[in-house]
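Asks: After the structure tokens below, expect a handful of questions from me.
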Amino acid sequence: MIASRLGAACAVALLCAGAASAAPAPQAQREIGALIAGLGASGCRFERNGSWYDAKKAQAHLQQKYDYLRRRDMADTAELFIERAASESSMSGKPYHVQCAGHAVEPSAQWFKRRLQALRAAPAAH
């Protein structure tokens, strides 16, 4: 009886430990990577906490935020990445903005959601 309970407790502990370190699904990882890289290659400006940054600095910043969230299993989908990392400052709560050449400033959440839709609508490369 004790061995049975101990075995069950170990199984639960192993399942919980595995769940705590689970990586996002491969599709989510590809989408999030493409969103971050897409910003870096866009040439757009990125505003956070009242200061504007070039696309490469914004890419590095969002990659750091994603890495942080991923270690805590808090960005399992592209939508969660947008919501938790790419929409607002986790320090001040102020929304991020993006401005691309010839376009008005827009909330970064809107920019990333549009990019995600385009990624998902594009035919898969074989």
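Labeling convention for the structure tokens: chains A, B, ... as they appear, residues from 1 per chain, ligands from 1 in order of appearance.
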Applying 12 Å and only C-alpha atoms, which residues near range 74-91 of chain A remain after dropping the ones on its own chain fewer than 2 positions away? List them as a VMD selection string.
Replies: chain A and resid 19 to 36 39 46 to 51 58 to 72 93 to 98 106 to 117 119 to 120
Asks: Would you mind writing down, as a list in words, each residue of chain A that DSSP on the backbone assigns to strand (DSSP E or B)?
Replies: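 After running DSSP on the backbone, chain A has strand (DSSP E or B) at Arg45, Phe46, Glu47, Arg48, Ser51, Trp52, Tyr53, Glu88, Pro95, His97, Val98, Gln99, Glu106 and Pro107 of chain A.
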Asks: Considering only helix (DSSP H, G or I) as DSSP defines it on the backbone, what residues of chain A qualify? List them as a PyMOL selection string.
Replies: chain A and resi 2-20+26-42+55-71+78-86+108-121
